[in-house]
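Working notes, beginning with the structure itself.
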Amino acid sequence: MRTHTPFTCTVVLVTASLLGTAGCAGNDSTGDSAAAAPRTVKPVAGCGAGSWTDPAALAPDRKPARCDKGAPAAQPLAKKRKITVATGTLSAEYVAPLQVAVAKGEFAKEGLDVELKVLPTPDALPLLARGDVDAQWAAPEAAVMNGIHGGFDIKWVAGNFSPDPTSKSGLWVRLKDGESADHVEMAGRKMGTMIGKGSVIAYPMDTSLKKHGGGLDKISFQQLGSADVLTALQNGGVDSAWLLDPIWRKVDGDKKYAFLGGQPVGEPLGGLLFGPTLLDKDPDAGVAFLRAYIRTVNTYFAGDYKSDPAFVAELAKLMKTDEATLRSTPSMRMDWEIRKGTTDRLQEAYADSGVSKGAPVPEAKAVDRAMYSEAVGHKF
């Protein structure tokens, strides 16, 4: 828990891809002001050695941290709290643990009344920094890192998921004569994507491009609606595209196209962001929120959750999507932990694409693993 002076922001500048480094009064610029009394971390029943993994472990086959089903048990707050969480969508599978936690009463067990509010990241970010929303289900995008660099008291406090190894969500290219998946020249190509350069996807995209003579600085982008990306790739409007689940199945197996790579297996690139309310003013509520989220993962998303037809039907209803579509892709690896160096790798990609400002934000200023470690009873 950190002490925190009253937060007032005099200027907020937001664009579609960047949050300007506006000056904010009363907010410590480092995010590491004088520490208050340390929080007590106690062992948690059902959360043993497997409930924590070394953040430096980056092996693709790393098993995500897990507690027993139903753990960690709820520890209801003395006074009920209302928590507002901003999210860019409620129809994406990676948001499902939050929706299930609401529907199954996991947040309520902690004394939390949680509202999921749909807001685009650029709109939600200044609200999070001011404390008008309490948390954001998003990612450390360029806008977030620029905001932290400019003085916003925001930290990435929990991960969300990494893809199943069999998933081919990611960078697809239409092959030219003589090319194969092992040899594609990406420099000079046009990529269709609904994701801007400031998205966390810039990191795996840059990695895949560089393996094939490209890079974010060597290709052009055409931003398209979600329904238009595949069409543009198929009709020649673009040479390559970032295709999400389950859209990539439309081209998988077609020899005219090749999959070049996706999100790193075992490395979450997004999750939960906390602002000053849950970081400083009410960390008990912040830990309670994470406890409910982690319990939901352990209870409902611990393994191949799509092997349960009844649960798939329940998820489809919550997400307002077709059951067959949901079943057509493998289960995600839900993962509340944050890997070491992820924000450094993201910022390198942002610099390559020209959307970052100033010196890189140190991980210690952008990431806080203390709350999820407390929720599972892990002492650093």
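Lettering and numbering for the structure tokens are positional, with chains as A, B, ... in the shown order, residues counted from 1 in each chain, and ligands counted from 1 in the shown order.
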
Legend entry - All strand (DSSP E or B) positions in segment 162-210 of chain A, as a VMD selection string: chain A and resid 162 170 to 174 180 183 190 to 193

Inset, instruction - Can you list, as number ranges by chain, all residues belonging to segment 39-167 of chain A that DSSP tags as helix (DSSP H, G or I)? - result: A: 49-51, 93-103, 106-109, 121-130, 142-149

Inset, instruction - Might you pull out every residue within 8 Å of segment 232-234 of chain A, with only C-alpha atoms counted and same-chain residues fewer than 5 positions away left off, and present them as a ChimeraX atom specification? - result: /A:173-174,192,239-241

For the residues selected in the previous step, produce a file with N, CA and C atoms as a PDB file, in the first residue's frame.
```
ATOM      1  N   VAL A 173      -0.714 -13.914 -44.191  1.00  0.00           N
ATOM      2  CA  VAL A 173      -0.280 -13.230 -45.409  1.00  0.00           C
ATOM      3  C   VAL A 173      -0.768 -13.997 -46.633  1.00  0.00           C
ATOM      4  N   ARG A 174      -1.089 -13.257 -47.676  1.00  0.00           N
ATOM      5  CA  ARG A 174      -1.419 -13.886 -48.955  1.00  0.00           C
ATOM      6  C   ARG A 174      -0.114 -14.091 -49.717  1.00  0.00           C
ATOM      7  N   GLY A 192      -3.841  -5.188 -43.239  1.00  0.00           N
ATOM      8  CA  GLY A 192      -5.159  -4.804 -42.784  1.00  0.00           C
ATOM      9  C   GLY A 192      -5.364  -5.220 -41.346  1.00  0.00           C
ATOM     10  N   ASP A 239      -2.275  -7.059 -48.368  1.00  0.00           N
ATOM     11  CA  ASP A 239      -1.427  -8.234 -48.573  1.00  0.00           C
ATOM     12  C   ASP A 239      -1.409  -9.167 -47.374  1.00  0.00           C
ATOM     13  N   SER A 240      -1.691  -8.612 -46.197  1.00  0.00           N
ATOM     14  CA  SER A 240      -1.620  -9.386 -44.959  1.00  0.00           C
ATOM     15  C   SER A 240      -2.647  -8.838 -43.988  1.00  0.00           C
ATOM     16  N   ALA A 241      -2.895  -9.605 -42.924  1.00  0.00           N
ATOM     17  CA  ALA A 241      -3.907  -9.173 -41.958  1.00  0.00           C
ATOM     18  C   ALA A 241      -3.693  -9.881 -40.631  1.00  0.00           C
TER      19      ALA A 241
END
```

Closest contacts (segment 111-152 of chain A/segment 330-343 of chain A, max 12 Å, only C-alpha atoms) as CSV:
```
residue,atom,partner,partner_atom,distance
A:Ala139,CA,A:Thr343,CA,9.9
A:Pro140,CA,A:Thr343,CA,7.1
A:Glu141,CA,A:Thr343,CA,9.1
A:Ala142,CA,A:Thr343,CA,10.0
A:Val144,CA,A:Thr343,CA,10.7
A:Met145,CA,A:Thr343,CA,8.6
```

Inset, instruction - May I ask which of the residues A:Ala92, A:Val100, A:Ala73, A:Val367 is the closest one to Pro55 of chain A, counting only C-alpha atoms? - result: A:Val367

Legend entry - Selected residue, from A:Leu98, A:His183, A:Trp52, A:Thr329, that lies nearest to Ala370 of chain A when counting only C-alpha atoms: A:Trp52

Inset, instruction - Go through A:Arg291, A:Arg249, A:Lys317, A:Arg189 one by one, measure the shortest atom-to-atom distance of each to Gln75 of chain A using only C-alpha atoms, and give the residue with the smallest value. - result: A:Arg291

Legend entry - Spatial neighbours of segment 116-132 of chain A, max dist 6 Å, only C-alpha atoms, sep filter under 2 positions, as a PyMOL selection string: chain A and resi 85-89+134+152+275+277

Inset, instruction - Considering only C-alpha atoms, state which residue in the set A:Tyr203, A:Trp242, A:Tyr293, A:Phe161 is at the smallest distance from Tyr350 of chain A. - result: A:Tyr203

Legend entry - Between atom CA of Val355 of chain A and atom CA of Gln223 of chain A, distance in Å (one decimal):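 Taking atom CA of Val355 of chain A as the start and atom CA of Gln223 of chain A as the end point, the length is 15.4 Å.
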
Inset, instruction - Please provide the set of residues having any atom within 12 Å of Val297 of chain A, restricted to only C-alpha atoms, with same-chain residues fewer than 5 positions apart removed, written as number ranges by chain. - result: A: 51, 64-72, 94-101, 106, 159-161, 290-292, 302-305, 332-337

Saved selection, atoms kept: N, CA and C atoms, as a short mmCIF file (atom, residue, chain, number, x, y, z; two decimals), in the first residue's frame:
```cif
data_model
loop_
_atom_site.label_atom_id
_atom_site.label_comp_id
_atom_site.auth_asym_id
_atom_site.auth_seq_id
_atom_site.Cartn_x
_atom_site.Cartn_y
_atom_site.Cartn_z
N SER A 51 0.29 -21.95 -7.01
CA SER A 51 -0.50 -20.72 -7.18
C SER A 51 0.37 -19.52 -7.53
N PRO A 64 0.16 -22.29 -16.25
CA PRO A 64 -0.27 -21.10 -15.50
C PRO A 64 -0.53 -21.43 -14.04
N ALA A 65 -0.40 -20.43 -13.20
CA ALA A 65 -0.65 -20.61 -11.77
C ALA A 65 -2.09 -21.05 -11.54
N ARG A 66 -2.27 -21.92 -10.56
CA ARG A 66 -3.61 -22.39 -10.23
C ARG A 66 -3.71 -22.68 -8.73
N CYS A 67 -4.89 -22.40 -8.17
CA CYS A 67 -5.26 -22.86 -6.83
C CYS A 67 -6.30 -23.96 -7.00
N ASP A 68 -6.76 -24.52 -5.89
CA ASP A 68 -7.84 -25.50 -5.95
C ASP A 68 -9.13 -24.83 -6.41
N LYS A 69 -10.04 -25.62 -6.90
CA LYS A 69 -11.37 -25.12 -7.24
C LYS A 69 -12.00 -24.46 -6.01
N GLY A 70 -12.54 -23.27 -6.19
CA GLY A 70 -13.17 -22.56 -5.08
C GLY A 70 -12.21 -21.73 -4.24
N ALA A 71 -10.94 -21.78 -4.56
CA ALA A 71 -9.93 -21.01 -3.81
C ALA A 71 -9.38 -19.88 -4.70
N PRO A 72 -8.96 -18.81 -4.04
CA PRO A 72 -8.98 -18.51 -2.61
C PRO A 72 -10.40 -18.19 -2.13
N TYR A 94 -11.95 -13.23 -23.80
CA TYR A 94 -11.04 -12.91 -22.71
C TYR A 94 -11.70 -12.10 -21.59
N VAL A 95 -12.90 -11.58 -21.85
CA VAL A 95 -13.64 -10.85 -20.82
C VAL A 95 -14.54 -11.80 -20.02
N ALA A 96 -14.69 -13.04 -20.50
CA ALA A 96 -15.62 -13.98 -19.90
C ALA A 96 -15.42 -14.21 -18.40
N PRO A 97 -14.18 -14.29 -17.88
CA PRO A 97 -14.05 -14.49 -16.43
C PRO A 97 -14.71 -13.40 -15.60
N LEU A 98 -14.66 -12.16 -16.07
CA LEU A 98 -15.34 -11.09 -15.33
C LEU A 98 -16.85 -11.26 -15.37
N GLN A 99 -17.36 -11.62 -16.55
CA GLN A 99 -18.80 -11.80 -16.68
C GLN A 99 -19.30 -12.98 -15.84
N VAL A 100 -18.51 -14.05 -15.83
CA VAL A 100 -18.88 -15.21 -15.02
C VAL A 100 -18.81 -14.87 -13.54
N ALA A 101 -17.79 -14.09 -13.14
CA ALA A 101 -17.66 -13.69 -11.73
C ALA A 101 -18.86 -12.87 -11.27
N GLU A 106 -19.41 -14.26 -7.56
CA GLU A 106 -18.09 -14.32 -6.92
C GLU A 106 -17.67 -12.97 -6.37
N GLY A 159 -2.92 -10.35 -15.13
CA GLY A 159 -3.00 -10.73 -16.52
C GLY A 159 -4.38 -11.26 -16.88
N ASN A 160 -4.55 -11.61 -18.16
CA ASN A 160 -5.83 -12.16 -18.59
C ASN A 160 -5.70 -13.56 -19.21
N PHE A 161 -4.96 -13.70 -20.30
CA PHE A 161 -4.87 -15.01 -20.96
C PHE A 161 -3.65 -15.07 -21.87
N LEU A 290 -9.38 -8.95 -6.90
CA LEU A 290 -8.48 -9.94 -7.48
C LEU A 290 -8.74 -11.34 -6.92
N ARG A 291 -9.10 -11.41 -5.65
CA ARG A 291 -9.41 -12.71 -5.05
C ARG A 291 -10.61 -13.34 -5.78
N ALA A 292 -11.63 -12.55 -6.05
CA ALA A 292 -12.81 -13.06 -6.75
C ALA A 292 -12.48 -13.46 -8.18
N ALA A 302 -10.11 -23.36 -15.26
CA ALA A 302 -8.81 -23.93 -14.88
C ALA A 302 -8.15 -24.72 -16.01
N GLY A 303 -8.91 -25.32 -16.87
CA GLY A 303 -8.34 -26.15 -17.93
C GLY A 303 -9.10 -25.96 -19.23
N ASP A 304 -9.45 -27.08 -19.86
CA ASP A 304 -10.20 -27.03 -21.12
C ASP A 304 -11.68 -26.82 -20.82
N TYR A 305 -12.04 -25.59 -20.53
CA TYR A 305 -13.42 -25.30 -20.12
C TYR A 305 -14.42 -25.52 -21.23
N MET A 332 -8.94 -20.75 -24.16
CA MET A 332 -7.82 -19.88 -23.84
C MET A 332 -7.17 -20.34 -22.52
N ARG A 333 -5.92 -20.00 -22.33
CA ARG A 333 -5.24 -20.28 -21.07
C ARG A 333 -5.38 -19.05 -20.18
N MET A 334 -6.43 -19.04 -19.38
CA MET A 334 -6.65 -17.90 -18.49
C MET A 334 -5.50 -17.84 -17.47
N ASP A 335 -4.96 -16.67 -17.27
CA ASP A 335 -3.71 -16.55 -16.51
C ASP A 335 -3.66 -15.17 -15.84
N TRP A 336 -3.75 -15.16 -14.50
CA TRP A 336 -3.77 -13.87 -13.80
C TRP A 336 -2.39 -13.27 -13.57
N GLU A 337 -1.33 -14.02 -13.84
CA GLU A 337 0.01 -13.53 -13.57
C GLU A 337 0.57 -12.70 -14.73
#
```

Neighbours of Glu374 of chain A within 9 Å (only C-alpha atoms; same-chain residues fewer than 2 positions away dropped), as an mmCIF file with all heavy atoms, in the first residue's frame?
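Dumped to selection37.cif:
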```
data_model
loop_
_atom_site.group_PDB
_atom_site.id
_atom_site.type_symbol
_atom_site.label_atom_id
_atom_site.label_comp_id
_atom_site.auth_asym_id
_atom_site.auth_seq_id
_atom_site.Cartn_x
_atom_site.Cartn_y
_atom_site.Cartn_z
ATOM 1 N N ARG A 39 1.467 -4.486 4.002
ATOM 2 C CA ARG A 39 0.295 -5.326 4.173
ATOM 3 C C ARG A 39 0.719 -6.718 4.630
ATOM 4 O O ARG A 39 1.771 -7.226 4.244
ATOM 5 C CB ARG A 39 -0.489 -5.406 2.863
ATOM 6 C CG ARG A 39 -1.078 -4.062 2.435
ATOM 7 C CD ARG A 39 -1.854 -4.191 1.128
ATOM 8 N NE ARG A 39 -2.991 -5.091 1.260
ATOM 9 C CZ ARG A 39 -4.190 -4.715 1.723
ATOM 10 N NH1 ARG A 39 -4.383 -3.469 2.106
ATOM 11 N NH2 ARG A 39 -5.180 -5.586 1.787
ATOM 12 N N THR A 40 -0.102 -7.327 5.437
ATOM 13 C CA THR A 40 0.171 -8.665 5.943
ATOM 14 C C THR A 40 -0.267 -9.699 4.910
ATOM 15 O O THR A 40 -1.400 -9.671 4.426
ATOM 16 C CB THR A 40 -0.580 -8.920 7.263
ATOM 17 O OG1 THR A 40 -0.161 -7.943 8.226
ATOM 18 C CG2 THR A 40 -0.280 -10.309 7.791
ATOM 19 N N VAL A 41 0.632 -10.583 4.558
ATOM 20 C CA VAL A 41 0.329 -11.655 3.608
ATOM 21 C C VAL A 41 0.331 -12.974 4.358
ATOM 22 O O VAL A 41 1.341 -13.370 4.944
ATOM 23 C CB VAL A 41 1.354 -11.688 2.457
ATOM 24 C CG1 VAL A 41 1.034 -12.839 1.506
ATOM 25 C CG2 VAL A 41 1.358 -10.359 1.712
ATOM 26 N N LYS A 42 -0.803 -13.652 4.366
ATOM 27 C CA LYS A 42 -0.946 -14.913 5.090
ATOM 28 C C LYS A 42 -1.133 -16.066 4.107
ATOM 29 O O LYS A 42 -1.633 -15.867 2.995
ATOM 30 C CB LYS A 42 -2.163 -14.843 6.020
ATOM 31 C CG LYS A 42 -2.092 -13.745 7.079
ATOM 32 C CD LYS A 42 -3.372 -13.739 7.921
ATOM 33 C CE LYS A 42 -3.332 -12.637 8.973
ATOM 34 N NZ LYS A 42 -4.585 -12.600 9.780
ATOM 35 N N PRO A 43 -0.747 -17.285 4.515
ATOM 36 C CA PRO A 43 -1.010 -18.458 3.663
ATOM 37 C C PRO A 43 -2.509 -18.576 3.371
ATOM 38 O O PRO A 43 -3.341 -18.247 4.219
ATOM 39 C CB PRO A 43 -0.516 -19.629 4.508
ATOM 40 C CG PRO A 43 0.488 -19.035 5.436
ATOM 41 C CD PRO A 43 -0.024 -17.650 5.754
ATOM 42 N N VAL A 44 -2.842 -19.028 2.175
ATOM 43 C CA VAL A 44 -4.236 -19.145 1.751
ATOM 44 C C VAL A 44 -4.557 -20.610 1.478
ATOM 45 O O VAL A 44 -3.881 -21.272 0.678
ATOM 46 C CB VAL A 44 -4.488 -18.297 0.490
ATOM 47 C CG1 VAL A 44 -5.894 -18.546 -0.056
ATOM 48 C CG2 VAL A 44 -4.301 -16.810 0.801
ATOM 49 N N VAL A 287 -7.661 -5.972 -3.488
ATOM 50 C CA VAL A 287 -7.297 -7.365 -3.239
ATOM 51 C C VAL A 287 -8.534 -8.250 -3.303
ATOM 52 O O VAL A 287 -8.499 -9.359 -3.847
ATOM 53 C CB VAL A 287 -6.583 -7.515 -1.880
ATOM 54 C CG1 VAL A 287 -6.344 -8.983 -1.553
ATOM 55 C CG2 VAL A 287 -5.260 -6.754 -1.881
ATOM 56 N N ARG A 291 -9.100 -11.413 -5.652
ATOM 57 C CA ARG A 291 -9.413 -12.706 -5.054
ATOM 58 C C ARG A 291 -10.614 -13.341 -5.779
ATOM 59 O O ARG A 291 -10.594 -14.537 -6.108
ATOM 60 C CB ARG A 291 -9.714 -12.511 -3.571
ATOM 61 C CG ARG A 291 -9.688 -13.773 -2.751
ATOM 62 C CD ARG A 291 -9.574 -13.487 -1.262
ATOM 63 N NE ARG A 291 -10.479 -12.446 -0.797
ATOM 64 C CZ ARG A 291 -10.079 -11.316 -0.190
ATOM 65 N NH1 ARG A 291 -8.806 -11.097 0.055
ATOM 66 N NH2 ARG A 291 -10.970 -10.420 0.207
ATOM 67 N N ARG A 369 2.567 -6.595 -8.920
ATOM 68 C CA ARG A 369 2.146 -7.983 -8.703
ATOM 69 C C ARG A 369 1.740 -8.241 -7.249
ATOM 70 O O ARG A 369 1.362 -9.366 -6.903
ATOM 71 C CB ARG A 369 3.273 -8.944 -9.085
ATOM 72 C CG ARG A 369 3.709 -8.867 -10.549
ATOM 73 C CD ARG A 369 4.849 -9.841 -10.841
ATOM 74 N NE ARG A 369 5.274 -9.781 -12.242
ATOM 75 C CZ ARG A 369 6.196 -8.944 -12.705
ATOM 76 N NH1 ARG A 369 6.813 -8.102 -11.867
ATOM 77 N NH2 ARG A 369 6.516 -8.943 -13.985
ATOM 78 N N ALA A 370 1.835 -7.234 -6.399
ATOM 79 C CA ALA A 370 1.645 -7.440 -4.964
ATOM 80 C C ALA A 370 0.231 -7.869 -4.601
ATOM 81 O O ALA A 370 0.033 -8.698 -3.712
ATOM 82 C CB ALA A 370 2.013 -6.167 -4.199
ATOM 83 N N MET A 371 -0.772 -7.326 -5.290
ATOM 84 C CA MET A 371 -2.147 -7.631 -4.916
ATOM 85 C C MET A 371 -2.535 -9.053 -5.286
ATOM 86 O O MET A 371 -3.184 -9.750 -4.501
ATOM 87 C CB MET A 371 -3.109 -6.616 -5.531
ATOM 88 C CG MET A 371 -3.063 -5.258 -4.857
ATOM 89 S SD MET A 371 -4.363 -4.159 -5.472
ATOM 90 C CE MET A 371 -4.164 -2.770 -4.346
ATOM 91 N N TYR A 372 -2.158 -9.511 -6.469
ATOM 92 C CA TYR A 372 -2.530 -10.896 -6.789
ATOM 93 C C TYR A 372 -1.690 -11.878 -5.997
ATOM 94 O O TYR A 372 -2.144 -12.986 -5.682
ATOM 95 C CB TYR A 372 -2.536 -11.169 -8.291
ATOM 96 C CG TYR A 372 -1.238 -11.299 -9.049
ATOM 97 C CD1 TYR A 372 -0.356 -12.360 -8.827
ATOM 98 C CD2 TYR A 372 -0.921 -10.406 -10.077
ATOM 99 C CE1 TYR A 372 0.802 -12.507 -9.576
ATOM 100 C CE2 TYR A 372 0.234 -10.544 -10.827
ATOM 101 C CZ TYR A 372 1.093 -11.600 -10.577
ATOM 102 O OH TYR A 372 2.243 -11.740 -11.337
ATOM 103 N N VAL A 376 -3.310 -14.901 -3.237
ATOM 104 C CA VAL A 376 -3.022 -16.339 -3.193
ATOM 105 C C VAL A 376 -2.083 -16.704 -2.044
ATOM 106 O O VAL A 376 -1.684 -17.869 -1.901
ATOM 107 C CB VAL A 376 -2.438 -16.843 -4.537
ATOM 108 C CG1 VAL A 376 -3.426 -16.588 -5.658
ATOM 109 C CG2 VAL A 376 -1.078 -16.216 -4.821
ATOM 110 N N GLY A 377 -1.707 -15.709 -1.232
ATOM 111 C CA GLY A 377 -0.882 -15.981 -0.068
ATOM 112 C C GLY A 377 0.596 -16.138 -0.347
ATOM 113 O O GLY A 377 1.314 -16.810 0.412
ATOM 114 N N HIS A 378 1.077 -15.511 -1.421
ATOM 115 C CA HIS A 378 2.506 -15.606 -1.760
ATOM 116 C C HIS A 378 3.272 -14.408 -1.239
ATOM 117 O O HIS A 378 2.910 -13.259 -1.491
ATOM 118 C CB HIS A 378 2.708 -15.684 -3.271
ATOM 119 C CG HIS A 378 4.154 -15.669 -3.681
ATOM 120 N ND1 HIS A 378 4.952 -16.786 -3.636
ATOM 121 C CD2 HIS A 378 4.946 -14.637 -4.115
ATOM 122 C CE1 HIS A 378 6.168 -16.456 -4.029
ATOM 123 N NE2 HIS A 378 6.196 -15.171 -4.323
ATOM 124 N N LYS A 379 4.353 -14.665 -0.492
ATOM 125 C CA LYS A 379 5.214 -13.596 -0.002
ATOM 126 C C LYS A 379 6.430 -13.479 -0.909
ATOM 127 O O LYS A 379 7.068 -14.476 -1.229
ATOM 128 C CB LYS A 379 5.684 -13.898 1.434
ATOM 129 C CG LYS A 379 4.567 -13.868 2.461
ATOM 130 C CD LYS A 379 5.132 -14.092 3.867
ATOM 131 C CE LYS A 379 4.016 -14.041 4.921
ATOM 132 N NZ LYS A 379 4.545 -14.251 6.282
#
```

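For the set A:Phe221, A:Phe259, A:Phe311, A:Phe274, the residue with the smallest atom-to-atom gap to Gly170 of chain A is A:Phe259, counting only C-alpha atoms.
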
Legend entry - Given only C-alpha atoms as the counted atoms, nearest of A:Asp280, A:Asp182, A:Val102, A:Gln136 to Ala158 of chain A: A:Gln136

Inset, instruction - Go ahead and compute the interatomic distance for atom CA of Ser356 of chain A and atom CA of Ala59 of chain A, in Å to one decimal. - result: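 The value is 28.0 Å.
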
Inset, instruction - Name all residues at most 12 Å from Leu230 of chain A (count only C-alpha atoms; drop same-chain ones fewer than 4 positions away) and give them as JSON, numbers by chain. - result: {"A": [171, 172, 173, 174, 191, 192, 193, 194, 224, 225, 226, 234, 235, 236, 237, 238, 239, 240, 241, 242, 243, 244, 245, 246, 247, 248, 249, 250, 251, 257]}

Inset, instruction - Take atom CA of Lys306 of chain A and atom CA of Ser328 of chain A and report the distance between them in Å, one decimal. - result: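 We find that atom CA of Lys306 of chain A and atom CA of Ser328 of chain A lie 9.7 Å from each other.
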